[in-house]
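S.K.: Take a look at the following structure, please.
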Amino acid sequence: MNLSTMFHAVVSGFVTAALASTSALALEGERSVFPAPGQERTRLVINGVTDADVIAPLIRDFQETARDVTVEFNDYVSNDLFREAELACRQQTSHGDLWISSSVDHLVKLANDGCARSHQSEETERVSAWANWRDEIFGFAFEPAVIVYDASQVPPEDVPRSHVEIAELLRRKPDEYWTRIGTYNVQLSGVGYLLAFHDAQQAPTSYGRLLESFSRAQVVTSCCNKEVLDLIEEGRLKIAYNILGSYAYARYLRNNDMRVVVPRDYTLILTRGAMIPTQSPQPDLAARFVDYLVSERGQKVAREKAFYFAENAPLPPGVDGPISLIESGIGRPIRVGPALLAAQDRATREEFIRNWSSLFAPGVP
Amino acid sequence: MQRTRRSLFARLVIRVAVVLAGGAAMLMTAAWLYARAAADEAYDRLLQGAAIQILDGLVVEEGRITVNLPPSAFELLGLAPRDKIFYRVMAPDASTLTGYEDLEFPVDIANARTEALFQTSRFRDQPVRMVAASRAIADPSIGGWANVLIAQTTEARQQLTTELTTRALALVGVMSLLALGGTILAVRYSLRPLDVLGDTLRRRDSQDLTPLAVDVPRELAPFVESINHFMGRLDDRLQLLQRFIADSAHQIRTPLTALSAQVSLINEEALSENDRRHLDRVKNRASELARFTTQLLNHAMVIHRFDSVQLSPIDVVDVARKAFRAAVPITIDPDIVVSFEAPPEPLMVLGDGLSLREAIVNVIDNSLRHGVVSSLAVRVIRRGDFVLVEVEDDGPGIPAQDWAQVTRRFVSSKSGEGSSGLGFAIASEVATTLNGALAFRERTPGTGFTTFLELPLIDARPSA
């Protein structure tokens with residue numbers, strides 16, 4: 001299983017080299033089926049990049065409003081979903097009724113290539129301008145990129161509250177945090193790449209310094225937030241950087257030692273996007289689910305049970321961070337729009353990853 | 001029969017409206033063209049800016065061109081928020097460094113070396129605006145021109161064009177409506193003298209042939225002059241005719257008098273019964289002819305007087321009394337009761353005593369001839385600002401439907417009688433000239449049939 005391969009790779013320290021080999025494998029999505037609460041009449045197939053148990057409350061609540069719908073949710077790694085979706089779009093074959101991804105740059109690229117179907121309704125009017133592109137991509141979740149630390153291992157004076165503080169901490173106590181920091185592998189994870197790309201945009205100098213510190217501290221990288229969080233819980237890592245707020249907070253609710261910090265210099269905010277593919281076999285049903293996701297009811301469930309953070313709500317209790325993200329200007333939403341095409345450019349991406357890889361595994365091109 | 005054509009007002013307004021509509025259409029087309037050019041220019045700059053930024057991001061490293069697409073370039077293009085972007089970066093050897101390999105520029109991009117080229121084209125079945133820009137790569141190993149092509153869909157341009165055009169549309173619409181409204185008002189105002197002229201002509205008495213005295217714009221002056229000229233000529237002709245009639249009447253009177261004298265000399269005794277009857281008829285006809293000739297002369301006299309005599313204040317009571325005396329002959333049947341009633345104080349009107357007397361005489365005479373059975377009453381009464389000269393008799397009267405007719409010349413109430421009368425015509429003419437009227441009142445159980453002249457008093461002052 002891929003996850004265990006990853007796990008071993010991380011533990012053995014040959015992170016980058018091992019991951020390079022796994023990325024070649026095409027991953028099938030992990031299938032979860034939510035049977036219709038009533039008599040099943042239709043089946044909505046969602047291909048997404050989200051842990052099924054995170055989105056489960058939303059799907060179940062949706063089924064309350066559509067009792068005859070069975071929902072099949074396939075959880076992909078973002079790059080895999082992108083590859084499959086692009087292929088399906090090019091060959092004009094169907095690949096599920098609805099795509100959901102936090103790698104909104106993938107969705108933007110797909111929409112730009114004409115793979116998306118436009119949908120407009122009263123509900124979609126509610127989507128913020130930064131989270132809606134061409135009425136084809138609808139952002140329905142508010143995901144700040146946060147720092148997670150293990151309170152049992154990180155003394156209070158070491159808790160980093162900004163990007164710069166991580167770099168300083170690593171310089172101050174290099175030995176204590178050597179191989180004890182975890183973050184996304186930008187090569188494997190579309191979300192990781194998107195966040196790193198925007199980190200480089202937002203603060204080129206401090207991010208450069210941060211990368212250098214990461215490189216010296218032999219940061220552990222992983223495809224998925226879940227794994228990094230698992231490693232912290234197991235005591236192998238102390239701090240994780242660029243974790244999506246919802247995963248981090250869910251973990252905090254389970255284990256109060258897993259503390260969540262929203263950086264105070266700037267915080268990237270990602271949305272999860274939903275897109276109805278042109279070849280969707282059931283576009284109307286998919287549109288119904290999209291409407292649900294962005295509706296007041298869907299957003300309430302999302303805030304309470306799935307993603308915890310919301311655009312117009314205070315930070316959830318227990319989160320260490322600025323009082324208000326958007327109003328203070330600290331939150332920097334990654335706008336769903338054509339600017340993300342730059343992040344998706346093949347050459348730019350290769351160049352970025354090449355630089356990143358060279359820092360994280362010196363000597364390996 | 002003259003057909004009534006569309007009104008001047010409608011002609012003017014329709015033509016102006018057509019011109020305005022044509023102008024508005026032309027303005028709209030122009031506005032749309034301008035708006036499209038403006039939108040193209042605005043968004044072309046974004047395209048060009050993005051192309052320059054992308055070209056700036058090309059770096060030669062170890063004999064290899066690396067592309068680093070600046071997100072700011074795409075943010076710039078993202079100012080057209082709904083538009084898709086397709087791009088292609090090409091090395092000097094025309095190989096694609098990154099982007100959409102199927103993106104082609106419609107014309108030779110070698111021209112892009114001097115300045116960026118823009119084209120409107122299609123890509124993947126959607127309309128796009130394209131830019132091609134070049135940059136010289138100054139590296140000995142890969143010298144040459146690198147190119148970047150960027151295509152952007154045109155939603156934002158179309159939206160801006162529509163927005164600008166819509167605003168211009170509103171403006172042109174408002175202006176056109178204002179212009180049309182202004183034109184309608186102006187035309188109304190300009191045509192008012194025509195209405196005034198028409199009104200003056202309409203209200204004019206049919207007898208009045210004096211020149212029109214209305215202020216008209218210069219354009220209408222020839223028209224009014226023609227009317228006046230024509231009326232002048234008509235007036236001359238009429239005067240000639242009247243003089244001819246008067247002369248004729250005068251000429252006829254002399255032989256007529258002689259004829260009457262000769263007839264009266266005929267010895268009736270010597271005639272047979274039959275001849276005597278004929279002779280009576282000849283006498284009757286001769287006297288009728290004499291009366292008629294007198295009326296003709298009177299008529300001519302009345303008209304002549306109004307043409308030449310200045311009107312002056314006269315006392316209607318006095319004039320009516322004189323007329324009564326003149327009209328009622330001494331030889332009147334003693335069975336007929338005649339009466340004259342008048343207020344003690346004088347009632348003054350502006351007029352000509354002789355003409356007015358003639359008018360009243362004619363009314364009384366007519367009544368005596370055709371109406372009176374046993375009584376005739378002449379009254380002068382004041383009613384408000386008017387003075388009424390009433391002549392009432394106990395005859396059958398004139399039926400109401402004939403009233404309008406009898407005031408015309410040579411028409412009498414009883415056509416069979418052959419008494420062609422100028423009496424009412426003269427009376428009516430005089431009354432009208434004095435701003436009054438000749439009118440009738442039906443008989444009622446209490447009163448007889450009444451003919452009356454209604455004349456305005458000089459002023460409403462009670463002392464007058």
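Every chain in the structure tokens takes a letter, A first, then B, and so on in the order presented; its residues are numbered from 1, and the ligands are numbered from 1 following the presented order.
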Which residues are near B:Asp335? Cut-off 12 Å, only C-alpha atoms, ignore same chain within fewer than 5 positions. Put them as number ranges by chain.
M.R.: B: 372-376
S.K.: Residues of chain B within 8 Å of chain A, using only C-alpha atoms, as a PDB file with N, CA and C atoms, in the first residue's frame?
M.R.:
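The result, written out as iface-v1.pdb:
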ATOM      1  N   THR B  66      15.299  28.871 -19.962  1.00  0.00           N
ATOM      2  CA  THR B  66      14.313  28.414 -18.986  1.00  0.00           C
ATOM      3  C   THR B  66      13.197  29.445 -18.910  1.00  0.00           C
ATOM      4  N   VAL B  67      12.017  28.909 -18.720  1.00  0.00           N
ATOM      5  CA  VAL B  67      10.836  29.773 -18.631  1.00  0.00           C
ATOM      6  C   VAL B  67      10.426  29.871 -17.177  1.00  0.00           C
ATOM      7  N   ASN B  68      10.168  31.053 -16.736  1.00  0.00           N
ATOM      8  CA  ASN B  68       9.602  31.218 -15.417  1.00  0.00           C
ATOM      9  C   ASN B  68       8.434  32.183 -15.549  1.00  0.00           C
ATOM     10  N   LEU B  69       7.273  31.597 -15.709  1.00  0.00           N
ATOM     11  CA  LEU B  69       6.114  32.462 -15.971  1.00  0.00           C
ATOM     12  C   LEU B  69       5.819  33.313 -14.745  1.00  0.00           C
ATOM     13  N   PRO B  70       5.863  34.608 -14.889  1.00  0.00           N
ATOM     14  CA  PRO B  70       5.558  35.439 -13.726  1.00  0.00           C
ATOM     15  C   PRO B  70       4.047  35.444 -13.469  1.00  0.00           C
ATOM     16  N   PRO B  71       3.626  35.072 -12.260  1.00  0.00           N
ATOM     17  CA  PRO B  71       2.178  35.085 -11.970  1.00  0.00           C
ATOM     18  C   PRO B  71       1.575  36.463 -12.183  1.00  0.00           C
ATOM     19  N   SER B  72       2.419  37.506 -12.021  1.00  0.00           N
ATOM     20  CA  SER B  72       1.873  38.855 -12.200  1.00  0.00           C
ATOM     21  C   SER B  72       1.334  39.046 -13.622  1.00  0.00           C
ATOM     22  N   ALA B  73       1.992  38.375 -14.601  1.00  0.00           N
ATOM     23  CA  ALA B  73       1.512  38.469 -15.976  1.00  0.00           C
ATOM     24  C   ALA B  73       0.085  37.939 -16.068  1.00  0.00           C
ATOM     25  N   PHE B  74      -0.151  36.834 -15.358  1.00  0.00           N
ATOM     26  CA  PHE B  74      -1.486  36.244 -15.414  1.00  0.00           C
ATOM     27  C   PHE B  74      -2.479  37.021 -14.577  1.00  0.00           C
ATOM     28  N   GLU B  75      -1.934  37.629 -13.495  1.00  0.00           N
ATOM     29  CA  GLU B  75      -2.826  38.487 -12.712  1.00  0.00           C
ATOM     30  C   GLU B  75      -3.289  39.659 -13.568  1.00  0.00           C
ATOM     31  N   LEU B  77      -3.656  39.627 -16.808  1.00  0.00           N
ATOM     32  CA  LEU B  77      -4.695  39.117 -17.704  1.00  0.00           C
ATOM     33  C   LEU B  77      -5.968  38.814 -16.931  1.00  0.00           C
ATOM     34  N   GLY B  78      -5.785  38.482 -15.650  1.00  0.00           N
ATOM     35  CA  GLY B  78      -6.939  38.158 -14.807  1.00  0.00           C
ATOM     36  C   GLY B  78      -7.807  39.364 -14.524  1.00  0.00           C
ATOM     37  N   PRO B  81     -11.755  39.107 -15.638  1.00  0.00           N
ATOM     38  CA  PRO B  81     -11.820  37.996 -14.695  1.00  0.00           C
ATOM     39  C   PRO B  81     -12.419  36.709 -15.255  1.00  0.00           C
ATOM     40  N   ARG B  82     -13.294  36.828 -16.256  1.00  0.00           N
ATOM     41  CA  ARG B  82     -13.944  35.600 -16.720  1.00  0.00           C
ATOM     42  C   ARG B  82     -13.264  35.000 -17.946  1.00  0.00           C
ATOM     43  N   ASP B  83     -12.233  35.676 -18.432  1.00  0.00           N
ATOM     44  CA  ASP B  83     -11.676  35.221 -19.698  1.00  0.00           C
ATOM     45  C   ASP B  83     -10.606  34.134 -19.543  1.00  0.00           C
ATOM     46  N   LYS B  84     -10.685  33.199 -20.483  1.00  0.00           N
ATOM     47  CA  LYS B  84      -9.683  32.136 -20.493  1.00  0.00           C
ATOM     48  C   LYS B  84      -8.420  32.645 -21.169  1.00  0.00           C
ATOM     49  N   ILE B  85      -7.322  32.032 -20.800  1.00  0.00           N
ATOM     50  CA  ILE B  85      -6.041  32.479 -21.344  1.00  0.00           C
ATOM     51  C   ILE B  85      -5.316  31.272 -21.943  1.00  0.00           C
ATOM     52  N   PHE B  86      -4.818  31.460 -23.152  1.00  0.00           N
ATOM     53  CA  PHE B  86      -3.993  30.421 -23.770  1.00  0.00           C
ATOM     54  C   PHE B  86      -2.690  31.086 -24.179  1.00  0.00           C
ATOM     55  N   LEU B  97       8.437  26.064 -25.780  1.00  0.00           N
ATOM     56  CA  LEU B  97       9.046  25.930 -24.458  1.00  0.00           C
ATOM     57  C   LEU B  97       7.999  25.547 -23.435  1.00  0.00           C
ATOM     58  N   THR B  98       6.861  26.177 -23.523  1.00  0.00           N
ATOM     59  CA  THR B  98       5.765  25.821 -22.619  1.00  0.00           C
ATOM     60  C   THR B  98       4.467  26.380 -23.186  1.00  0.00           C
ATOM     61  N   GLY B  99       3.361  25.894 -22.664  1.00  0.00           N
ATOM     62  CA  GLY B  99       2.067  26.429 -23.068  1.00  0.00           C
ATOM     63  C   GLY B  99       1.332  25.517 -24.021  1.00  0.00           C
TER      64      GLY B  99
END
S.K.: Can you list every residue in stretch 100-183 of chain B that DSSP puts in helix (DSSP H, G or I), as an MDAnalysis selection string?
M.R.: chainID B and resid 109:113 155:183
S.K.: Those same residues, written as a PDB file, in the first residue's frame with C-alpha atoms?
M.R.:
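And here is the file that came out, selection-v1.pdb:
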ATOM      1  CA  ILE B 109       5.177  36.434 -36.278  1.00  0.00           C
ATOM      2  CA  ALA B 110       8.498  37.633 -37.674  1.00  0.00           C
ATOM      3  CA  ASN B 111       6.840  41.049 -37.829  1.00  0.00           C
ATOM      4  CA  ALA B 112       6.419  41.015 -34.074  1.00  0.00           C
ATOM      5  CA  ARG B 113      10.102  41.872 -33.709  1.00  0.00           C
ATOM      6  CA  GLU B 155     -15.889  38.121 -22.780  1.00  0.00           C
ATOM      7  CA  ALA B 156     -14.527  41.144 -20.930  1.00  0.00           C
ATOM      8  CA  ARG B 157     -14.074  43.077 -24.157  1.00  0.00           C
ATOM      9  CA  GLN B 158     -17.605  42.314 -25.231  1.00  0.00           C
ATOM     10  CA  GLN B 159     -18.913  43.231 -21.829  1.00  0.00           C
ATOM     11  CA  LEU B 160     -17.063  46.534 -21.856  1.00  0.00           C
ATOM     12  CA  THR B 161     -18.222  47.215 -25.404  1.00  0.00           C
ATOM     13  CA  THR B 162     -21.802  46.464 -24.437  1.00  0.00           C
ATOM     14  CA  GLU B 163     -21.532  48.614 -21.337  1.00  0.00           C
ATOM     15  CA  LEU B 164     -20.075  51.580 -23.200  1.00  0.00           C
ATOM     16  CA  THR B 165     -22.545  51.185 -26.033  1.00  0.00           C
ATOM     17  CA  THR B 166     -25.458  50.943 -23.639  1.00  0.00           C
ATOM     18  CA  ARG B 167     -24.423  54.159 -21.963  1.00  0.00           C
ATOM     19  CA  ALA B 168     -24.081  55.878 -25.313  1.00  0.00           C
ATOM     20  CA  LEU B 169     -27.456  54.420 -26.276  1.00  0.00           C
ATOM     21  CA  ALA B 170     -29.077  55.951 -23.221  1.00  0.00           C
ATOM     22  CA  LEU B 171     -27.425  59.273 -23.976  1.00  0.00           C
ATOM     23  CA  VAL B 172     -28.353  59.276 -27.650  1.00  0.00           C
ATOM     24  CA  GLY B 173     -31.866  58.166 -26.765  1.00  0.00           C
ATOM     25  CA  VAL B 174     -32.331  60.968 -24.284  1.00  0.00           C
ATOM     26  CA  MET B 175     -30.855  63.493 -26.702  1.00  0.00           C
ATOM     27  CA  SER B 176     -33.077  62.283 -29.541  1.00  0.00           C
ATOM     28  CA  LEU B 177     -36.163  62.505 -27.378  1.00  0.00           C
ATOM     29  CA  LEU B 178     -35.185  65.978 -26.241  1.00  0.00           C
ATOM     30  CA  ALA B 179     -34.555  67.022 -29.826  1.00  0.00           C
ATOM     31  CA  LEU B 180     -37.879  65.582 -30.944  1.00  0.00           C
ATOM     32  CA  GLY B 181     -39.704  67.259 -28.078  1.00  0.00           C
ATOM     33  CA  GLY B 182     -37.958  70.535 -28.838  1.00  0.00           C
ATOM     34  CA  THR B 183     -38.832  70.191 -32.502  1.00  0.00           C
TER      35      THR B 183
END
S.K.: Find the residues around B:Ile381 up to 10 Å (only C-alpha atoms counted), leave out those fewer than 2 positions away in its own chain, and share them as a PyMOL selection string.
M.R.: chain B and resi 316-317+341-343+347+378-379+383-384+386-390+454
S.K.: Using only N, CA and C atoms, please write the residues we just selected to a file, as a PDB file, in the first residue's frame.
M.R.:
ATOM      1  N   VAL B 316     -80.649 105.345 -30.323  1.00  0.00           N
ATOM      2  CA  VAL B 316     -81.475 104.343 -30.992  1.00  0.00           C
ATOM      3  C   VAL B 316     -82.957 104.692 -30.853  1.00  0.00           C
ATOM      4  N   VAL B 317     -83.338 105.239 -29.669  1.00  0.00           N
ATOM      5  CA  VAL B 317     -84.756 105.562 -29.429  1.00  0.00           C
ATOM      6  C   VAL B 317     -85.239 106.538 -30.505  1.00  0.00           C
ATOM      7  N   GLU B 341     -93.173 101.759 -28.209  1.00  0.00           N
ATOM      8  CA  GLU B 341     -92.785 101.958 -26.811  1.00  0.00           C
ATOM      9  C   GLU B 341     -91.288 102.164 -26.773  1.00  0.00           C
ATOM     10  N   ALA B 342     -90.867 103.126 -25.918  1.00  0.00           N
ATOM     11  CA  ALA B 342     -89.421 103.347 -25.783  1.00  0.00           C
ATOM     12  C   ALA B 342     -89.158 103.954 -24.425  1.00  0.00           C
ATOM     13  N   PRO B 343     -88.015 103.700 -23.842  1.00  0.00           N
ATOM     14  CA  PRO B 343     -87.673 104.312 -22.557  1.00  0.00           C
ATOM     15  C   PRO B 343     -87.473 105.809 -22.760  1.00  0.00           C
ATOM     16  N   LEU B 347     -80.687 105.869 -25.678  1.00  0.00           N
ATOM     17  CA  LEU B 347     -79.802 104.701 -25.642  1.00  0.00           C
ATOM     18  C   LEU B 347     -78.842 104.838 -26.810  1.00  0.00           C
ATOM     19  N   VAL B 378     -93.877  98.136 -31.886  1.00  0.00           N
ATOM     20  CA  VAL B 378     -92.436  98.385 -32.003  1.00  0.00           C
ATOM     21  C   VAL B 378     -91.946  98.822 -30.638  1.00  0.00           C
ATOM     22  N   ARG B 379     -90.901  98.204 -30.150  1.00  0.00           N
ATOM     23  CA  ARG B 379     -90.392  98.524 -28.811  1.00  0.00           C
ATOM     24  C   ARG B 379     -88.883  98.702 -28.860  1.00  0.00           C
ATOM     25  N   ARG B 383     -81.315  95.781 -22.711  1.00  0.00           N
ATOM     26  CA  ARG B 383     -81.083  94.533 -21.983  1.00  0.00           C
ATOM     27  C   ARG B 383     -79.575  94.394 -21.788  1.00  0.00           C
ATOM     28  N   GLY B 384     -79.174  94.612 -20.562  1.00  0.00           N
ATOM     29  CA  GLY B 384     -77.733  94.560 -20.255  1.00  0.00           C
ATOM     30  C   GLY B 384     -76.985  95.601 -21.051  1.00  0.00           C
ATOM     31  N   PHE B 386     -76.871  95.733 -24.174  1.00  0.00           N
ATOM     32  CA  PHE B 386     -77.398  95.814 -25.534  1.00  0.00           C
ATOM     33  C   PHE B 386     -78.703  96.597 -25.558  1.00  0.00           C
ATOM     34  N   VAL B 387     -78.983  97.125 -26.720  1.00  0.00           N
ATOM     35  CA  VAL B 387     -80.302  97.713 -26.910  1.00  0.00           C
ATOM     36  C   VAL B 387     -81.000  96.871 -27.973  1.00  0.00           C
ATOM     37  N   LEU B 388     -82.303  96.603 -27.694  1.00  0.00           N
ATOM     38  CA  LEU B 388     -83.077  95.759 -28.605  1.00  0.00           C
ATOM     39  C   LEU B 388     -84.176  96.606 -29.255  1.00  0.00           C
ATOM     40  N   VAL B 389     -84.241  96.497 -30.575  1.00  0.00           N
ATOM     41  CA  VAL B 389     -85.362  97.124 -31.281  1.00  0.00           C
ATOM     42  C   VAL B 389     -86.247  95.983 -31.749  1.00  0.00           C
ATOM     43  N   GLU B 390     -87.415  95.844 -31.082  1.00  0.00           N
ATOM     44  CA  GLU B 390     -88.266  94.693 -31.383  1.00  0.00           C
ATOM     45  C   GLU B 390     -89.467  95.131 -32.218  1.00  0.00           C
ATOM     46  N   GLU B 454     -80.419  93.640 -32.431  1.00  0.00           N
ATOM     47  CA  GLU B 454     -79.708  93.701 -31.138  1.00  0.00           C
ATOM     48  C   GLU B 454     -78.422  94.455 -31.384  1.00  0.00           C
TER      49      GLU B 454
END
S.K.: Quick one: residues within 10 Å of A:Arg216, only C-alpha atoms, excluding same-chain residues fewer than 6 positions away - as a PyMOL selection string?
M.R.: chain A and resi 170-171+174+178-179+210+359-360
S.K.: Per DSSP on the backbone, what are the strand (DSSP E) residues of stretch 135-242 of chain B, as a list in words?
M.R.: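 Of stretch 135-242 of chain B, only Arg135, Ala136, Ile137, Gly144, Trp145, Ala146, Asn147, Val148, Leu149, Ile150, Ala151, Gln152 and Thr153 of chain B fall in strand (DSSP E).
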S.K.: Would you write out those residues with N, CA and C atoms, as an mmCIF file, in the first residue's frame?
M.R.:
data_model
loop_
_atom_site.group_PDB
_atom_site.id
_atom_site.type_symbol
_atom_site.label_atom_id
_atom_site.label_comp_id
_atom_site.auth_asym_id
_atom_site.auth_seq_id
_atom_site.Cartn_x
_atom_site.Cartn_y
_atom_site.Cartn_z
ATOM 1 N N ARG B 135 11.356 38.707 -28.458
ATOM 2 C CA ARG B 135 12.479 39.279 -27.721
ATOM 3 C C ARG B 135 13.746 38.613 -28.255
ATOM 4 N N ALA B 136 14.747 39.441 -28.479
ATOM 5 C CA ALA B 136 16.019 38.887 -28.947
ATOM 6 C C ALA B 136 16.733 38.234 -27.770
ATOM 7 N N ILE B 137 17.182 37.004 -27.992
ATOM 8 C CA ILE B 137 17.942 36.316 -26.941
ATOM 9 C C ILE B 137 19.415 36.555 -27.241
ATOM 10 N N GLY B 144 18.874 34.535 -31.376
ATOM 11 C CA GLY B 144 17.666 34.573 -32.184
ATOM 12 C C GLY B 144 16.536 35.212 -31.413
ATOM 13 N N TRP B 145 15.350 35.041 -31.954
ATOM 14 C CA TRP B 145 14.187 35.708 -31.371
ATOM 15 C C TRP B 145 13.267 34.692 -30.715
ATOM 16 N N ALA B 146 13.050 34.907 -29.443
ATOM 17 C CA ALA B 146 12.053 34.085 -28.746
ATOM 18 C C ALA B 146 10.707 34.783 -28.889
ATOM 19 N N ASN B 147 9.664 33.990 -29.013
ATOM 20 C CA ASN B 147 8.331 34.564 -29.206
ATOM 21 C C ASN B 147 7.384 34.103 -28.121
ATOM 22 N N VAL B 148 6.461 34.963 -27.819
ATOM 23 C CA VAL B 148 5.376 34.535 -26.946
ATOM 24 C C VAL B 148 4.059 34.889 -27.623
ATOM 25 N N LEU B 149 3.149 33.934 -27.583
ATOM 26 C CA LEU B 149 1.795 34.170 -28.095
ATOM 27 C C LEU B 149 0.852 34.084 -26.908
ATOM 28 N N ILE B 150 -0.026 35.029 -26.798
ATOM 29 C CA ILE B 150 -1.064 34.930 -25.767
ATOM 30 C C ILE B 150 -2.408 35.161 -26.434
ATOM 31 N N ALA B 151 -3.332 34.265 -26.134
ATOM 32 C CA ALA B 151 -4.695 34.442 -26.638
ATOM 33 C C ALA B 151 -5.616 34.552 -25.440
ATOM 34 N N GLN B 152 -6.539 35.453 -25.532
ATOM 35 C CA GLN B 152 -7.486 35.622 -24.438
ATOM 36 C C GLN B 152 -8.886 35.645 -25.027
ATOM 37 N N THR B 153 -9.808 34.958 -24.376
ATOM 38 C CA THR B 153 -11.187 35.018 -24.868
ATOM 39 C C THR B 153 -11.712 36.441 -24.672
#
S.K.: Skip stretch 306-315 of chain B itself and residues of its chain fewer than 2 positions away, then list as a PDB file with N, CA and C atoms, in the first residue's frame all residues within 7 Å of it, counting only C-alpha atoms.
M.R.:
ATOM      1  N   VAL B 302     -76.876 102.076 -48.129  1.00  0.00           N
ATOM      2  CA  VAL B 302     -76.365 101.604 -46.839  1.00  0.00           C
ATOM      3  C   VAL B 302     -74.908 101.174 -46.977  1.00  0.00           C
ATOM      4  N   ILE B 303     -74.659 100.347 -47.973  1.00  0.00           N
ATOM      5  CA  ILE B 303     -73.295  99.860 -48.162  1.00  0.00           C
ATOM      6  C   ILE B 303     -72.350 101.013 -48.439  1.00  0.00           C
ATOM      7  N   HIS B 304     -72.784 101.910 -49.253  1.00  0.00           N
ATOM      8  CA  HIS B 304     -71.944 103.051 -49.584  1.00  0.00           C
ATOM      9  C   HIS B 304     -71.636 103.872 -48.341  1.00  0.00           C
ATOM     10  N   VAL B 317     -83.338 105.239 -29.669  1.00  0.00           N
ATOM     11  CA  VAL B 317     -84.756 105.562 -29.429  1.00  0.00           C
ATOM     12  C   VAL B 317     -85.239 106.538 -30.505  1.00  0.00           C
ATOM     13  N   ASP B 318     -84.412 107.549 -30.701  1.00  0.00           N
ATOM     14  CA  ASP B 318     -84.758 108.577 -31.677  1.00  0.00           C
ATOM     15  C   ASP B 318     -84.873 107.993 -33.079  1.00  0.00           C
ATOM     16  N   VAL B 319     -83.827 107.212 -33.424  1.00  0.00           N
ATOM     17  CA  VAL B 319     -83.801 106.624 -34.759  1.00  0.00           C
ATOM     18  C   VAL B 319     -84.994 105.708 -34.957  1.00  0.00           C
ATOM     19  N   PRO B 346     -82.225 108.436 -23.644  1.00  0.00           N
ATOM     20  CA  PRO B 346     -81.621 107.985 -24.901  1.00  0.00           C
ATOM     21  C   PRO B 346     -80.734 106.757 -24.677  1.00  0.00           C
ATOM     22  N   LEU B 347     -80.687 105.869 -25.678  1.00  0.00           N
ATOM     23  CA  LEU B 347     -79.802 104.701 -25.642  1.00  0.00           C
ATOM     24  C   LEU B 347     -78.842 104.838 -26.810  1.00  0.00           C
ATOM     25  N   MET B 348     -77.558 105.022 -26.444  1.00  0.00           N
ATOM     26  CA  MET B 348     -76.598 105.375 -27.478  1.00  0.00           C
ATOM     27  C   MET B 348     -75.872 104.143 -28.002  1.00  0.00           C
ATOM     28  N   VAL B 349     -75.765 104.057 -29.317  1.00  0.00           N
ATOM     29  CA  VAL B 349     -74.897 103.049 -29.934  1.00  0.00           C
ATOM     30  C   VAL B 349     -74.003 103.775 -30.929  1.00  0.00           C
ATOM     31  N   LEU B 350     -72.942 103.072 -31.307  1.00  0.00           N
ATOM     32  CA  LEU B 350     -72.057 103.634 -32.317  1.00  0.00           C
ATOM     33  C   LEU B 350     -72.599 103.214 -33.668  1.00  0.00           C
ATOM     34  N   GLY B 351     -72.962 104.130 -34.470  1.00  0.00           N
ATOM     35  CA  GLY B 351     -73.542 103.717 -35.740  1.00  0.00           C
ATOM     36  C   GLY B 351     -73.781 104.896 -36.680  1.00  0.00           C
ATOM     37  N   ASP B 352     -74.579 104.574 -37.705  1.00  0.00           N
ATOM     38  CA  ASP B 352     -74.912 105.593 -38.695  1.00  0.00           C
ATOM     39  C   ASP B 352     -76.435 105.707 -38.713  1.00  0.00           C
ATOM     40  N   GLY B 353     -76.942 106.866 -38.342  1.00  0.00           N
ATOM     41  CA  GLY B 353     -78.372 107.060 -38.141  1.00  0.00           C
ATOM     42  C   GLY B 353     -79.215 106.664 -39.346  1.00  0.00           C
TER      43      GLY B 353
END
S.K.: Would you mind listing what lies within 6 Å of stretch 278-293 of chain A as a ChimeraX atom specification, with only C-alpha atoms counted and same-chain residues fewer than 6 positions away left out?
M.R.: /A:94,97-98,115-117,123
